>>> print(open('structure.pdb').read())   # PDB, C-alpha atoms and all ligand atoms
ATOM      1  CA  MET X1419      94.845  88.488 109.737  1.00  0.00           C
ATOM      2  CA  SER X1420      91.966  89.225 107.345  1.00  0.00           C
ATOM      3  CA  GLY X1421      92.736  90.934 104.123  1.00  0.00           C
ATOM      4  CA  VAL X1422      94.222  90.894 100.689  1.00  0.00           C
ATOM      5  CA  GLN X1423      95.095  87.679  98.880  1.00  0.00           C
ATOM      6  CA  LEU X1424      98.818  86.924  98.860  1.00  0.00           C
ATOM      7  CA  PRO X1425     100.854  85.065  96.234  1.00  0.00           C
ATOM      8  CA  PRO X1426     102.129  81.634  97.369  1.00  0.00           C
ATOM      9  CA  GLY X1427     105.122  81.754  99.714  1.00  0.00           C
ATOM     10  CA  LEU X1428     104.306  85.121 101.255  1.00  0.00           C
ATOM     11  CA  ARG X1429     102.754  85.662 104.684  1.00  0.00           C
ATOM     12  CA  TRP X1430     101.928  88.523 107.036  1.00  0.00           C
ATOM     13  CA  GLU X1431     103.229  88.689 110.578  1.00  0.00           C
ATOM     14  CA  PRO X1432     103.157  91.382 113.207  1.00  0.00           C
ATOM     15  CA  LEU X1433     106.734  92.624 113.631  1.00  0.00           C
ATOM     16  CA  GLN X1434     108.693  90.466 116.052  1.00  0.00           C
ATOM     17  CA  ARG X1435     112.084  90.942 117.564  1.00  0.00           C
ATOM     18  CA  SER X1436     113.339  87.795 115.818  1.00  0.00           C
ATOM     19  CA  HIS X1437     112.561  89.038 112.303  1.00  0.00           C
ATOM     20  CA  PRO X1438     115.679  89.824 110.226  1.00  0.00           C
ATOM     21  CA  ARG X1439     115.122  93.573 110.441  1.00  0.00           C
ATOM     22  CA  ARG X1440     118.730  94.570 109.876  1.00  0.00           C
ATOM     23  CA  GLN X1441     118.861  92.928 106.455  1.00  0.00           C
ATOM     24  CA  PHE X1442     115.937  94.959 105.099  1.00  0.00           C
ATOM     25  CA  GLU X1443     116.912  97.301 102.284  1.00  0.00           C
ATOM     26  CA  CYS X1444     114.485  99.189 100.038  1.00  0.00           C
ATOM     27  CA  GLY X1445     116.758 101.929  98.714  1.00  0.00           C
ATOM     28  CA  GLN X1446     115.291 104.731 100.826  1.00  0.00           C
ATOM     29  CA  PRO X1447     117.616 105.113 103.847  1.00  0.00           C
ATOM     30  CA  GLU X1448     114.968 106.531 106.229  1.00  0.00           C
ATOM     31  CA  VAL X1449     112.633 103.616 105.481  1.00  0.00           C
ATOM     32  CA  ASP X1450     115.457 101.101 106.062  1.00  0.00           C
ATOM     33  CA  ASP X1451     116.558 102.809 109.285  1.00  0.00           C
ATOM     34  CA  TRP X1452     113.060 102.839 110.685  1.00  0.00           C
ATOM     35  CA  ILE X1453     112.597  99.069 110.558  1.00  0.00           C
ATOM     36  CA  ARG X1454     116.199  98.365 111.515  1.00  0.00           C
ATOM     37  CA  ARG X1455     116.373 100.658 114.530  1.00  0.00           C
ATOM     38  CA  ASN X1456     113.008 102.044 115.645  1.00  0.00           C
ATOM     39  CA  ALA X1457     110.003  99.973 114.615  1.00  0.00           C
ATOM     40  CA  TRP X1458     110.387  97.302 117.294  1.00  0.00           C
ATOM     41  CA  GLN X1459     111.053  99.791 120.099  1.00  0.00           C
ATOM     42  CA  HIS X1460     108.025 101.845 119.126  1.00  0.00           C
ATOM     43  CA  GLN X1461     105.856  98.765 118.887  1.00  0.00           C
ATOM     44  CA  LYS X1462     106.854  97.636 122.379  1.00  0.00           C
ATOM     45  CA  LYS X1463     105.836 101.071 123.674  1.00  0.00           C
ATOM     46  CA  HIS X1464     102.484 100.972 121.812  1.00  0.00           C
ATOM     47  CA  LEU X1465     103.428 104.010 119.759  1.00  0.00           C
ATOM     48  CA  SER X1466     102.983 102.307 116.394  1.00  0.00           C
ATOM     49  CA  VAL X1467     102.219  98.905 114.890  1.00  0.00           C
ATOM     50  CA  THR X1468     104.346  97.357 112.162  1.00  0.00           C
ATOM     51  CA  LYS X1469     103.352  94.414 109.993  1.00  0.00           C
ATOM     52  CA  VAL X1470     105.851  92.583 107.851  1.00  0.00           C
ATOM     53  CA  LEU X1471     105.397  90.571 104.684  1.00  0.00           C
ATOM     54  CA  LEU X1472     107.725  87.585 104.916  1.00  0.00           C
ATOM     55  CA  ASP X1473     108.903  85.533 101.944  1.00  0.00           C
ATOM     56  CA  GLU X1474     109.375  81.761 101.885  1.00  0.00           C
ATOM     57  CA  HIS X1475     112.879  82.164 103.372  1.00  0.00           C
ATOM     58  CA  GLY X1476     111.598  84.259 106.289  1.00  0.00           C
ATOM     59  CA  ARG X1477     113.081  87.457 104.834  1.00  0.00           C
ATOM     60  CA  ILE X1478     111.194  90.728 105.105  1.00  0.00           C
ATOM     61  CA  ALA X1479     109.858  91.416 101.599  1.00  0.00           C
ATOM     62  CA  GLY X1480     108.056  94.535 102.784  1.00  0.00           C
ATOM     63  CA  TYR X1481     106.530  96.243 105.769  1.00  0.00           C
ATOM     64  CA  TYR X1482     104.230  99.019 106.856  1.00  0.00           C
ATOM     65  CA  THR X1483     103.785 100.962 110.071  1.00  0.00           C
ATOM     66  CA  LEU X1484     100.543 102.540 111.258  1.00  0.00           C
ATOM     67  CA  THR X1485      99.931 104.967 114.065  1.00  0.00           C
ATOM     68  CA  MET X1486      97.380 107.603 115.063  1.00  0.00           C
ATOM     69  CA  GLY X1487      97.703 111.370 114.812  1.00  0.00           C
ATOM     70  CA  GLN X1488      95.800 114.606 114.589  1.00  0.00           C
ATOM     71  CA  VAL X1489      95.472 117.377 112.044  1.00  0.00           C
ATOM     72  CA  ASP X1490      93.866 120.751 112.523  1.00  0.00           C
ATOM     73  CA  PHE X1491      90.596 121.152 110.613  1.00  0.00           C
ATOM     74  CA  SER X1492      92.175 124.161 108.849  1.00  0.00           C
ATOM     75  CA  GLU X1493      94.731 121.848 107.204  1.00  0.00           C
ATOM     76  CA  LEU X1494      91.997 119.828 105.486  1.00  0.00           C
ATOM     77  CA  PRO X1495      90.537 120.725 102.106  1.00  0.00           C
ATOM     78  CA  ALA X1496      87.388 122.805 102.433  1.00  0.00           C
ATOM     79  CA  GLU X1497      85.093 120.081 101.119  1.00  0.00           C
ATOM     80  CA  LEU X1498      86.273 117.682 103.812  1.00  0.00           C
ATOM     81  CA  ALA X1499      86.475 120.231 106.673  1.00  0.00           C
ATOM     82  CA  ARG X1500      83.113 121.825 105.935  1.00  0.00           C
ATOM     83  CA  GLN X1501      81.013 119.623 108.174  1.00  0.00           C
ATOM     84  CA  LEU X1502      83.651 118.953 110.818  1.00  0.00           C
ATOM     85  CA  PRO X1503      84.276 120.676 114.145  1.00  0.00           C
ATOM     86  CA  ARG X1504      86.819 123.513 114.072  1.00  0.00           C
ATOM     87  CA  ARG X1505      89.497 121.821 116.143  1.00  0.00           C
ATOM     88  CA  ARG X1506      92.216 119.186 115.894  1.00  0.00           C
ATOM     89  CA  LEU X1507      90.794 116.028 114.353  1.00  0.00           C
ATOM     90  CA  PRO X1508      91.855 112.379 114.598  1.00  0.00           C
ATOM     91  CA  VAL X1509      93.609 110.755 111.641  1.00  0.00           C
ATOM     92  CA  ALA X1510      95.179 107.375 110.956  1.00  0.00           C
ATOM     93  CA  VAL X1511      98.804 107.781 109.886  1.00  0.00           C
ATOM     94  CA  LEU X1512     100.600 105.521 107.443  1.00  0.00           C
ATOM     95  CA  ALA X1513     103.990 106.310 108.932  1.00  0.00           C
ATOM     96  CA  TRP X1514     106.214 103.980 106.865  1.00  0.00           C
ATOM     97  CA  LEU X1515     105.931 101.532 103.984  1.00  0.00           C
ATOM     98  CA  GLY X1516     108.659  99.852 101.973  1.00  0.00           C
ATOM     99  CA  VAL X1517     109.354  96.900  99.688  1.00  0.00           C
ATOM    100  CA  SER X1518     112.722  95.165  99.623  1.00  0.00           C
ATOM    101  CA  ALA X1519     114.746  96.466  96.649  1.00  0.00           C
ATOM    102  CA  ALA X1520     115.166  92.926  95.310  1.00  0.00           C
ATOM    103  CA  GLN X1521     111.383  92.457  95.188  1.00  0.00           C
ATOM    104  CA  GLN X1522     110.194  95.813  93.894  1.00  0.00           C
ATOM    105  CA  GLY X1523     108.167  96.049  90.700  1.00  0.00           C
ATOM    106  CA  GLN X1524     106.276  92.795  91.351  1.00  0.00           C
ATOM    107  CA  GLY X1525     103.133  94.245  92.875  1.00  0.00           C
ATOM    108  CA  LEU X1526     104.163  93.922  96.521  1.00  0.00           C
ATOM    109  CA  GLY X1527     103.912  97.668  97.175  1.00  0.00           C
ATOM    110  CA  GLN X1528     100.362  97.511  95.948  1.00  0.00           C
ATOM    111  CA  LEU X1529      99.634  94.537  98.246  1.00  0.00           C
ATOM    112  CA  LEU X1530     101.124  96.352 101.230  1.00  0.00           C
ATOM    113  CA  LEU X1531      99.098  99.461 100.562  1.00  0.00           C
ATOM    114  CA  ALA X1532      95.908  97.441 100.040  1.00  0.00           C
ATOM    115  CA  GLN X1533      96.423  95.698 103.387  1.00  0.00           C
ATOM    116  CA  THR X1534      97.267  99.010 105.094  1.00  0.00           C
ATOM    117  CA  LEU X1535      94.026 100.541 103.891  1.00  0.00           C
ATOM    118  CA  ARG X1536      92.071  97.454 104.886  1.00  0.00           C
ATOM    119  CA  ASP X1537      93.542  97.627 108.407  1.00  0.00           C
ATOM    120  CA  CYS X1538      92.582 101.300 108.625  1.00  0.00           C
ATOM    121  CA  TYR X1539      89.088 100.592 107.372  1.00  0.00           C
ATOM    122  CA  GLU X1540      88.576  97.813 109.909  1.00  0.00           C
ATOM    123  CA  ALA X1541      90.033  99.918 112.724  1.00  0.00           C
ATOM    124  CA  GLY X1542      87.497 102.589 111.775  1.00  0.00           C
ATOM    125  CA  ASP X1543      84.771 100.376 113.270  1.00  0.00           C
ATOM    126  CA  THR X1544      86.412 100.809 116.661  1.00  0.00           C
ATOM    127  CA  PHE X1545      88.445 104.043 116.565  1.00  0.00           C
ATOM    128  CA  ALA X1546      87.095 107.021 114.683  1.00  0.00           C
ATOM    129  CA  PHE X1547      89.285 109.077 112.328  1.00  0.00           C
ATOM    130  CA  VAL X1548      88.451 111.394 109.461  1.00  0.00           C
ATOM    131  CA  ALA X1549      91.249 110.467 107.040  1.00  0.00           C
ATOM    132  CA  VAL X1550      94.366 108.399 106.482  1.00  0.00           C
ATOM    133  CA  ILE X1551      97.401 110.613 105.980  1.00  0.00           C
ATOM    134  CA  LEU X1552     101.030 110.005 105.043  1.00  0.00           C
ATOM    135  CA  ASP X1553     104.166 111.973 104.284  1.00  0.00           C
ATOM    136  CA  CYS X1554     105.986 111.035 101.057  1.00  0.00           C
ATOM    137  CA  LEU X1555     109.748 111.005 100.994  1.00  0.00           C
ATOM    138  CA  SER X1556     110.120 111.381  97.234  1.00  0.00           C
ATOM    139  CA  ASP X1557     108.279 112.193  94.042  1.00  0.00           C
ATOM    140  CA  ALA X1558     108.430 108.509  93.119  1.00  0.00           C
ATOM    141  CA  ALA X1559     106.658 107.537  96.353  1.00  0.00           C
ATOM    142  CA  LYS X1560     104.110 110.277  95.752  1.00  0.00           C
ATOM    143  CA  ALA X1561     103.362 108.915  92.281  1.00  0.00           C
ATOM    144  CA  PHE X1562     102.899 105.458  93.799  1.00  0.00           C
ATOM    145  CA  TYR X1563     100.323 106.688  96.347  1.00  0.00           C
ATOM    146  CA  GLN X1564      98.490 108.923  93.894  1.00  0.00           C
ATOM    147  CA  LYS X1565      97.555 105.831  91.919  1.00  0.00           C
ATOM    148  CA  TRP X1566      95.373 105.032  94.939  1.00  0.00           C
ATOM    149  CA  ASP X1567      93.199 108.162  95.266  1.00  0.00           C
ATOM    150  CA  PHE X1568      95.591 109.821  97.724  1.00  0.00           C
ATOM    151  CA  GLU X1569      95.525 113.602  97.296  1.00  0.00           C
ATOM    152  CA  GLU X1570      97.707 116.433  98.558  1.00  0.00           C
ATOM    153  CA  LEU X1571      96.729 118.312 101.683  1.00  0.00           C
ATOM    154  CA  PRO X1572      96.459 121.986 100.701  1.00  0.00           C
ATOM    155  CA  GLY X1573      99.826 123.694 101.094  1.00  0.00           C
ATOM    156  CA  HIS X1574     101.643 120.414 101.842  1.00  0.00           C
ATOM    157  CA  PRO X1575     102.676 118.851  98.512  1.00  0.00           C
ATOM    158  CA  TYR X1576     104.263 115.808 100.171  1.00  0.00           C
ATOM    159  CA  ARG X1577     101.506 115.181 102.728  1.00  0.00           C
ATOM    160  CA  LEU X1578      98.770 113.041 101.190  1.00  0.00           C
ATOM    161  CA  PHE X1579      95.399 111.902 102.470  1.00  0.00           C
ATOM    162  CA  VAL X1580      92.348 109.825 101.707  1.00  0.00           C
ATOM    163  CA  SER X1581      89.208 110.642 103.660  1.00  0.00           C
ATOM    164  CA  TYR X1582      87.446 107.918 105.607  1.00  0.00           C
ATOM    165  CA  ARG X1583      84.551 108.239 103.166  1.00  0.00           C
ATOM    166  CA  GLN X1584      86.866 107.588 100.218  1.00  0.00           C
ATOM    167  CA  LEU X1585      88.318 104.645 102.107  1.00  0.00           C
ATOM    168  CA  GLU X1586      84.842 103.181 102.593  1.00  0.00           C
ATOM    169  CA  ALA X1587      84.113 103.607  98.893  1.00  0.00           C
ATOM    170  CA  MET X1588      87.421 101.925  97.970  1.00  0.00           C
ATOM    171  CA  MET X1589      86.739  98.955 100.237  1.00  0.00           C
ATOM    172  CA  ARG X1590      83.251  98.509  98.804  1.00  0.00           C
ATOM    173  CA  ARG X1591      84.753  98.430  95.300  1.00  0.00           C
ATOM    174  CA  GLU X1592      87.191  95.617  96.198  1.00  0.00           C
TER     175      GLU X1592
HETATM  176  C1  LIG X1601     107.267 102.851  96.444  1.00  0.00           C
HETATM  177  C2  LIG X1601     107.387 101.317  96.622  1.00  0.00           C
HETATM  178  C3  LIG X1601     106.720 100.924  97.945  1.00  0.00           C
HETATM  179  C4  LIG X1601     106.651 100.635  95.463  1.00  0.00           C
HETATM  180  O1  LIG X1601     106.707  99.234  95.672  1.00  0.00           O
HETATM  181  P1  LIG X1601     106.685  98.187  94.443  1.00  0.00           P
HETATM  182  O2  LIG X1601     106.529  96.822  95.004  1.00  0.00           O
HETATM  183  O3  LIG X1601     107.842  98.428  93.561  1.00  0.00           O
HETATM  184  O4  LIG X1601     105.352  98.672  93.706  1.00  0.00           O
HETATM  185  P2  LIG X1601     104.358  97.770  92.851  1.00  0.00           P
HETATM  186  O5  LIG X1601     105.155  96.789  92.041  1.00  0.00           O
HETATM  187  O6  LIG X1601     103.296  97.215  93.731  1.00  0.00           O
HETATM  188  O7  LIG X1601     103.726  98.877  91.906  1.00  0.00           O
HETATM  189  C5  LIG X1601     102.399  99.335  92.111  1.00  0.00           C
HETATM  190  C6  LIG X1601     102.082 100.421  91.143  1.00  0.00           C
HETATM  191  O8  LIG X1601     102.819 101.592  91.505  1.00  0.00           O
HETATM  192  C7  LIG X1601     103.647 101.975  90.427  1.00  0.00           C
HETATM  193  N1  LIG X1601     104.922 102.424  90.969  1.00  0.00           N
HETATM  194  C8  LIG X1601     105.773 101.706  91.736  1.00  0.00           C
HETATM  195  N2  LIG X1601     106.867 102.434  92.020  1.00  0.00           N
HETATM  196  C9  LIG X1601     106.672 103.643  91.414  1.00  0.00           C
HETATM  197  C10 LIG X1601     107.454 104.797  91.305  1.00  0.00           C
HETATM  198  N3  LIG X1601     108.649 104.874  91.886  1.00  0.00           N
HETATM  199  N4  LIG X1601     106.965 105.828  90.603  1.00  0.00           N
HETATM  200  C11 LIG X1601     105.755 105.754  89.989  1.00  0.00           C
HETATM  201  N5  LIG X1601     104.973 104.675  90.041  1.00  0.00           N
HETATM  202  C12 LIG X1601     105.427 103.625  90.753  1.00  0.00           C
HETATM  203  C13 LIG X1601     103.832 100.748  89.555  1.00  0.00           C
HETATM  204  O9  LIG X1601     104.110 101.085  88.217  1.00  0.00           O
HETATM  205  C14 LIG X1601     102.503 100.072  89.711  1.00  0.00           C
HETATM  206  O10 LIG X1601     101.542 100.671  88.868  1.00  0.00           O
HETATM  207  P3  LIG X1601     100.718  99.781  87.831  1.00  0.00           P
HETATM  208  O11 LIG X1601      99.919  98.829  88.679  1.00  0.00           O
HETATM  209  O12 LIG X1601      99.878 100.781  87.118  1.00  0.00           O
HETATM  210  O13 LIG X1601     101.754  99.113  87.008  1.00  0.00           O
HETATM  211  C15 LIG X1601     108.868 100.840  96.588  1.00  0.00           C
HETATM  212  O14 LIG X1601     109.473 101.327  95.413  1.00  0.00           O
HETATM  213  C16 LIG X1601     109.687 101.259  97.786  1.00  0.00           C
HETATM  214  O15 LIG X1601     109.710 100.569  98.789  1.00  0.00           O
HETATM  215  N6  LIG X1601     110.415 102.378  97.657  1.00  0.00           N
HETATM  216  C17 LIG X1601     111.329 102.841  98.679  1.00  0.00           C
HETATM  217  C18 LIG X1601     110.615 103.210  99.961  1.00  0.00           C
HETATM  218  C19 LIG X1601     109.587 104.295  99.806  1.00  0.00           C
HETATM  219  O16 LIG X1601     109.765 105.238  99.030  1.00  0.00           O
HETATM  220  N7  LIG X1601     108.481 104.157 100.548  1.00  0.00           N
HETATM  221  C20 LIG X1601     107.372 105.094 100.506  1.00  0.00           C
HETATM  222  C21 LIG X1601     107.585 106.291 101.367  1.00  0.00           C
HETATM  223  S1  LIG X1601     107.407 105.968 103.100  1.00  0.00           S
END
>>> encode(input="structure.pdb", output="structure tokens", more="lines below")
Ligand SMILES: CC(C)(COP(=O)(O)OP(=O)(O)OC[C@H]1O[C@@H](n2cnc3c(N)ncnc32)[C@H](O)[C@@H]1OP(=O)(O)O)[C@@H](O)C(=O)NCCC(=O)NCCS
Amino acid sequence: MSGVQLPPGLRWEPLQRSHPRRQFECGQPEVDDWIRRNAWQHQKKHLSVTKVLLDEHGRIAGYYTLTMGQVDFSELPAELARQLPRRRLPVAVLAWLGVSAAQQGQGLGQLLLAQTLRDCYEAGDTFAFVAVILDCLSDAAKAFYQKWDFEELPGHPYRLFVSYRQLEAMMRRE
């Protein structure tokens, strides 16, 4: 998997049934439940893709889940919607992201988000989308994403986006 540099002992893997999903705990119950109960089922059905960051003991230090979605052009800020067709538009969706509570505050969230955005950017060569969007579950999560150029969708304070153009600019800066 191409992408961000990892500290020693950590590795990426696509989610597998054998991963210790039920032990994952990040402090946000919905994020824990998703990987424990749903992520594998959805992956098998090609509804979403989950990647896990494993530590040297094979524990899940963090994970993220990506899928595709649509937003209506009217939901986008005027400067982004201006040159787009007036219909539903394709978006990449960062559906879930979490870092194990024991390993928070060490930069892993940042690594996960960097790899998520890199995956989206690379997918953009094959599948077109106008933005990456996500729904935040808390103000703390929102603050985390806003450090990375994510902005609110008008009228949806907990739905954030970065346009594909911003994503390109971010990847060029790396
Ligand atoms: C949000 C979360 C992913 C951050 O992971 P983390 O590994 O602790 O974050 P990092 O150590 O990489 O921190 C990256 C940056 O975000 C900031 N940050 C992290 N958590 C933050 C918070 N709760 N509020 C504000 N800023 C935060 C850090 O200060 C750091 O900024 P800096 O580089 O300027 O110091 C993690 O706390 C988590 O899993 N929370 C529960 C699940 C969740 O809310 N997921 C997101 C919604 S789906």
>>> closest_atom_pairs(input="structure.pdb", of="chain X", to="ligand LIG 1601 (chain X)", cutoff="10 Å", atoms="all atoms listed in the file", output="CSV")
residue,atom,partner,partner_atom,distance
X:Glu1443,CA,X:LIG1601,O15,8.6
X:Cys1444,CA,X:LIG1601,C17,5.0
X:Gly1445,CA,X:LIG1601,C17,5.5
X:Gln1446,CA,X:LIG1601,C17,4.9
X:Pro1447,CA,X:LIG1601,C18,8.2
X:Glu1448,CA,X:LIG1601,S1,8.2
X:Val1449,CA,X:LIG1601,C18,5.9
X:Asp1450,CA,X:LIG1601,C18,8.1
X:Trp1452,CA,X:LIG1601,S1,10.0
X:Ala1479,CA,X:LIG1601,O2,9.2
X:Gly1480,CA,X:LIG1601,O15,7.4
X:Tyr1481,CA,X:LIG1601,O15,8.8
X:Tyr1482,CA,X:LIG1601,S1,8.5
X:Thr1483,CA,X:LIG1601,S1,9.3
X:Leu1512,CA,X:LIG1601,S1,8.1
X:Ala1513,CA,X:LIG1601,S1,6.8
X:Trp1514,CA,X:LIG1601,S1,4.4
X:Leu1515,CA,X:LIG1601,S1,4.8
X:Gly1516,CA,X:LIG1601,O15,3.4
X:Val1517,CA,X:LIG1601,O15,3.8
X:Ser1518,CA,X:LIG1601,O15,6.2
X:Ala1519,CA,X:LIG1601,O15,6.8
X:Ala1520,CA,X:LIG1601,O3,9.3
X:Gln1521,CA,X:LIG1601,O2,6.5
X:Gln1522,CA,X:LIG1601,O3,3.5
X:Gly1523,CA,X:LIG1601,O5,3.4
X:Gln1524,CA,X:LIG1601,O5,4.2
X:Gly1525,CA,X:LIG1601,O6,3.1
X:Leu1526,CA,X:LIG1601,O2,4.0
X:Gly1527,CA,X:LIG1601,O2,3.5
X:Gln1528,CA,X:LIG1601,O6,3.7
X:Leu1529,CA,X:LIG1601,O6,6.4
X:Leu1530,CA,X:LIG1601,O6,7.9
X:Leu1531,CA,X:LIG1601,C3,8.2
X:Ala1532,CA,X:LIG1601,O6,9.7
X:Leu1552,CA,X:LIG1601,S1,7.8
X:Asp1553,CA,X:LIG1601,S1,6.9
X:Cys1554,CA,X:LIG1601,C21,5.0
X:Leu1555,CA,X:LIG1601,C21,5.2
X:Ser1556,CA,X:LIG1601,O16,6.4
X:Asp1557,CA,X:LIG1601,N4,7.4
X:Ala1558,CA,X:LIG1601,N3,3.8
X:Ala1559,CA,X:LIG1601,O16,4.7
X:Lys1560,CA,X:LIG1601,N4,7.4
X:Ala1561,CA,X:LIG1601,C11,4.6
X:Phe1562,CA,X:LIG1601,C12,4.4
X:Tyr1563,CA,X:LIG1601,O8,7.5
X:Gln1564,CA,X:LIG1601,N5,8.7
X:Lys1565,CA,X:LIG1601,O8,6.8
X:Trp1566,CA,X:LIG1601,O8,8.9
>>> residues_around(input="structure.pdb", residues="stretch 1456-1472 of chain X", least_positions_apart="2", cutoff="7 Å", atoms="all atoms listed in the file", output="PyMOL selection string")
chain X and resi 1428-1433+1435+1452-1454+1474+1476-1485
>>> write_last_selection(input="structure.pdb", atoms="C-alpha atoms", output="PDB file, in the frame of the given file")
ATOM      1  CA  LEU X1428     104.306  85.121 101.255  1.00  0.00           C
ATOM      2  CA  ARG X1429     102.754  85.662 104.684  1.00  0.00           C
ATOM      3  CA  TRP X1430     101.928  88.523 107.036  1.00  0.00           C
ATOM      4  CA  GLU X1431     103.229  88.689 110.578  1.00  0.00           C
ATOM      5  CA  PRO X1432     103.157  91.382 113.207  1.00  0.00           C
ATOM      6  CA  LEU X1433     106.734  92.624 113.631  1.00  0.00           C
ATOM      7  CA  ARG X1435     112.084  90.942 117.564  1.00  0.00           C
ATOM      8  CA  TRP X1452     113.060 102.839 110.685  1.00  0.00           C
ATOM      9  CA  ILE X1453     112.597  99.069 110.558  1.00  0.00           C
ATOM     10  CA  ARG X1454     116.199  98.365 111.515  1.00  0.00           C
ATOM     11  CA  GLU X1474     109.375  81.761 101.885  1.00  0.00           C
ATOM     12  CA  GLY X1476     111.598  84.259 106.289  1.00  0.00           C
ATOM     13  CA  ARG X1477     113.081  87.457 104.834  1.00  0.00           C
ATOM     14  CA  ILE X1478     111.194  90.728 105.105  1.00  0.00           C
ATOM     15  CA  ALA X1479     109.858  91.416 101.599  1.00  0.00           C
ATOM     16  CA  GLY X1480     108.056  94.535 102.784  1.00  0.00           C
ATOM     17  CA  TYR X1481     106.530  96.243 105.769  1.00  0.00           C
ATOM     18  CA  TYR X1482     104.230  99.019 106.856  1.00  0.00           C
ATOM     19  CA  THR X1483     103.785 100.962 110.071  1.00  0.00           C
ATOM     20  CA  LEU X1484     100.543 102.540 111.258  1.00  0.00           C
ATOM     21  CA  THR X1485      99.931 104.967 114.065  1.00  0.00           C
TER      22      THR X1485
END
>>> axis_aligned_box(input="structure.pdb", around="stretch 1545-1548 of chain X", padding_each_side="3 Å", output="JSON")
{"center_x": 88.2, "center_y": 107.7, "center_z": 113.0, "size_x": 8.2, "size_y": 13.4, "size_z": 13.1}
>>> resolve_selection(input="structure.pdb", expression="the PyMOL selection byres (((chain X and resi 1487) around 12) and not hetatm)", output="PDB file with C-alpha atoms, in the frame of the given file")
ATOM      1  CA  LEU X1465     103.428 104.010 119.759  1.00  0.00           C
ATOM      2  CA  SER X1466     102.983 102.307 116.394  1.00  0.00           C
ATOM      3  CA  LEU X1484     100.543 102.540 111.258  1.00  0.00           C
ATOM      4  CA  THR X1485      99.931 104.967 114.065  1.00  0.00           C
ATOM      5  CA  MET X1486      97.380 107.603 115.063  1.00  0.00           C
ATOM      6  CA  GLN X1488      95.800 114.606 114.589  1.00  0.00           C
ATOM      7  CA  VAL X1489      95.472 117.377 112.044  1.00  0.00           C
ATOM      8  CA  ASP X1490      93.866 120.751 112.523  1.00  0.00           C
ATOM      9  CA  ARG X1506      92.216 119.186 115.894  1.00  0.00           C
ATOM     10  CA  LEU X1507      90.794 116.028 114.353  1.00  0.00           C
ATOM     11  CA  PRO X1508      91.855 112.379 114.598  1.00  0.00           C
ATOM     12  CA  VAL X1509      93.609 110.755 111.641  1.00  0.00           C
ATOM     13  CA  ALA X1510      95.179 107.375 110.956  1.00  0.00           C
ATOM     14  CA  VAL X1511      98.804 107.781 109.886  1.00  0.00           C
ATOM     15  CA  LEU X1512     100.600 105.521 107.443  1.00  0.00           C
ATOM     16  CA  ALA X1513     103.990 106.310 108.932  1.00  0.00           C
ATOM     17  CA  PHE X1545      88.445 104.043 116.565  1.00  0.00           C
ATOM     18  CA  ALA X1546      87.095 107.021 114.683  1.00  0.00           C
ATOM     19  CA  PHE X1547      89.285 109.077 112.328  1.00  0.00           C
ATOM     20  CA  VAL X1548      88.451 111.394 109.461  1.00  0.00           C
ATOM     21  CA  ALA X1549      91.249 110.467 107.040  1.00  0.00           C
ATOM     22  CA  VAL X1550      94.366 108.399 106.482  1.00  0.00           C
ATOM     23  CA  ILE X1551      97.401 110.613 105.980  1.00  0.00           C
ATOM     24  CA  LEU X1552     101.030 110.005 105.043  1.00  0.00           C
TER      25      LEU X1552
END
>>> closest_residue(input="structure.pdb", among="X:Tyr1582, X:Asp1451, X:Arg1505, X:Ser1492", to="X:Arg1439", atoms="all atoms listed in the file")
X:Asp1451
>>> atom_distance(input="structure.pdb", atom1="atom CA of X:Gly1421", atom2="atom CA of X:Asp1537")
8.0 Å
>>> closest_residue(input="structure.pdb", among="X:Val1580, X:Glu1592, X:Leu1571, X:Leu1585", to="X:Ala1496", atoms="only C-alpha atoms")
X:Leu1571
>>> closest_residue(input="structure.pdb", among="X:Arg1577, X:Glu1569, X:Thr1534, X:His1437", to="X:Met1589", atoms="all atoms listed in the file")
X:Thr1534
>>> decode(input="structure.pdb", residues="stretch 1489-1497 of chain X", atoms="N, CA and C atoms", output="compact mmCIF listing (two decimals), in the first residue's frame")
# COMPACT_ATOMS: atom_id res chain seq x y z
N VAL X 1489 -23.95 13.97 -3.05
CA VAL X 1489 -24.61 15.12 -2.44
C VAL X 1489 -25.26 15.92 -3.56
N ASP X 1490 -26.34 16.62 -3.23
CA ASP X 1490 -26.96 17.47 -4.22
C ASP X 1490 -26.11 18.73 -4.39
N PHE X 1491 -26.03 19.23 -5.63
CA PHE X 1491 -25.19 20.42 -5.86
C PHE X 1491 -25.60 21.56 -4.94
N SER X 1492 -26.90 21.61 -4.56
CA SER X 1492 -27.39 22.72 -3.73
C SER X 1492 -26.85 22.66 -2.30
N GLU X 1493 -26.31 21.51 -1.91
CA GLU X 1493 -25.72 21.38 -0.57
C GLU X 1493 -24.29 21.91 -0.52
N LEU X 1494 -23.70 22.12 -1.70
CA LEU X 1494 -22.29 22.55 -1.73
C LEU X 1494 -22.19 24.07 -1.62
N PRO X 1495 -21.10 24.57 -1.09
CA PRO X 1495 -20.92 26.02 -1.07
C PRO X 1495 -20.91 26.57 -2.49
N ALA X 1496 -21.40 27.80 -2.62
CA ALA X 1496 -21.58 28.38 -3.96
C ALA X 1496 -20.30 28.33 -4.79
N GLU X 1497 -19.16 28.59 -4.15
CA GLU X 1497 -17.92 28.67 -4.95
C GLU X 1497 -17.54 27.29 -5.51
